[in-house]
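Colleague: Following this message is one structure expressed as structure tokens.
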Amino acid sequence: MNIHTYQSSSGRDLIREYIDSLTEKEQVDAFSVLRCMERGEFEKIQFKQWQKRIYEVYFFKYNRLFYVIADKQNLYLLHACRKQKNRTEKKDKKIVIKRTKELGKQLGKNFI
């Protein structure tokens with residue numbers, strides 16, 4: 001499966017920047033999770049449906065990645081954040097929904 005990360009309008013890879021800001025142990029776990037996703041080995045990671053066709057995957061305690069699967073070949077990472085409470089923070093929720101709608105327009109699909 002091809003994994004695509006969210007790029008800002010200026011071309012910054014925001015997902016990669018988040019992962020790079022983590023501790024070494026967190027980075028190792030993040031890349032392990034991404035490798036499992038790339039191979040389609042979702043049974044080896046902890047993920048759940050977040051909202052409609054948006055999923056979240058947990059790694060190293062409190063970190064999360066939000067993503068959508070566009071088709072059998074392509075997975076798009078939308079947002080990465082640290083879980084602060086038992087539910088998604090409002091600002092993170094807004095970011096995920098906004099990016100999902102942007103991606104849907106680009107691909108001509110309706111994810112949300």
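Quick note on naming: the chains in the structure tokens go A, B, ... in the order shown, residues restart at 1 in each chain, and ligands are numbered from 1 in order of appearance.
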As a JSON list (two decimals) with C-alpha atoms, in the first residue's frame, which residues of region 18-102 of chain A does DSSP assign to helix (DSSP H, G or I)?

Modeller:
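Wrote it out as out06.json, contents follow:
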[["chain", "number", "residue", "atom", "x", "y", "z"],
["A", 18, "TYR", "CA", 5.62, 15.60, 13.93],
["A", 19, "ILE", "CA", 7.33, 12.21, 13.96],
["A", 20, "ASP", "CA", 10.78, 13.85, 13.80],
["A", 24, "GLU", "CA", 13.77, 8.17, 19.61],
["A", 25, "LYS", "CA", 11.57, 5.41, 21.10],
["A", 26, "GLU", "CA", 8.42, 7.13, 19.83],
["A", 27, "GLN", "CA", 9.95, 7.55, 16.37],
["A", 28, "VAL", "CA", 10.90, 3.86, 16.20],
["A", 29, "ASP", "CA", 7.35, 2.88, 17.11],
["A", 30, "ALA", "CA", 5.87, 5.36, 14.62],
["A", 31, "PHE", "CA", 7.98, 3.98, 11.76],
["A", 32, "SER", "CA", 7.12, 0.42, 12.80],
["A", 33, "VAL", "CA", 3.41, 1.28, 12.62],
["A", 34, "LEU", "CA", 3.87, 2.94, 9.22],
["A", 35, "ARG", "CA", 5.71, -0.13, 7.92],
["A", 36, "CYS", "CA", 2.83, -2.38, 9.03],
["A", 37, "MET", "CA", 0.34, -0.06, 7.32],
["A", 38, "GLU", "CA", 2.42, -0.04, 4.14],
["A", 39, "ARG", "CA", 2.43, -3.85, 4.11],
["A", 42, "PHE", "CA", -3.33, -3.89, 10.15],
["A", 43, "GLU", "CA", -3.79, -6.83, 12.52],
["A", 44, "LYS", "CA", -0.38, -5.93, 14.03],
["A", 90, "LYS", "CA", -11.54, 20.22, 19.15],
["A", 91, "LYS", "CA", -8.61, 21.79, 17.30],
["A", 92, "ASP", "CA", -7.36, 18.36, 16.16],
["A", 93, "LYS", "CA", -10.85, 17.32, 15.11],
["A", 94, "LYS", "CA", -11.20, 20.47, 12.98],
["A", 95, "ILE", "CA", -7.84, 19.84, 11.33],
["A", 96, "VAL", "CA", -8.70, 16.22, 10.49],
["A", 97, "ILE", "CA", -12.11, 17.11, 9.05],
["A", 98, "LYS", "CA", -10.70, 20.02, 7.02],
["A", 99, "ARG", "CA", -7.92, 17.89, 5.54],
["A", 100, "THR", "CA", -10.31, 15.04, 4.82],
["A", 101, "LYS", "CA", -12.58, 17.37, 2.85],
["A", 102, "GLU", "CA", -9.58, 18.80, 0.95]]

Colleague: Could you check which of A:Trp50, A:Tyr6, A:Tyr55, A:Phe60 is closest to Tyr76 (chain A), using only C-alpha atoms?

Modeller: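 Smallest separation from Tyr76 (chain A) among the options: A:Tyr6.
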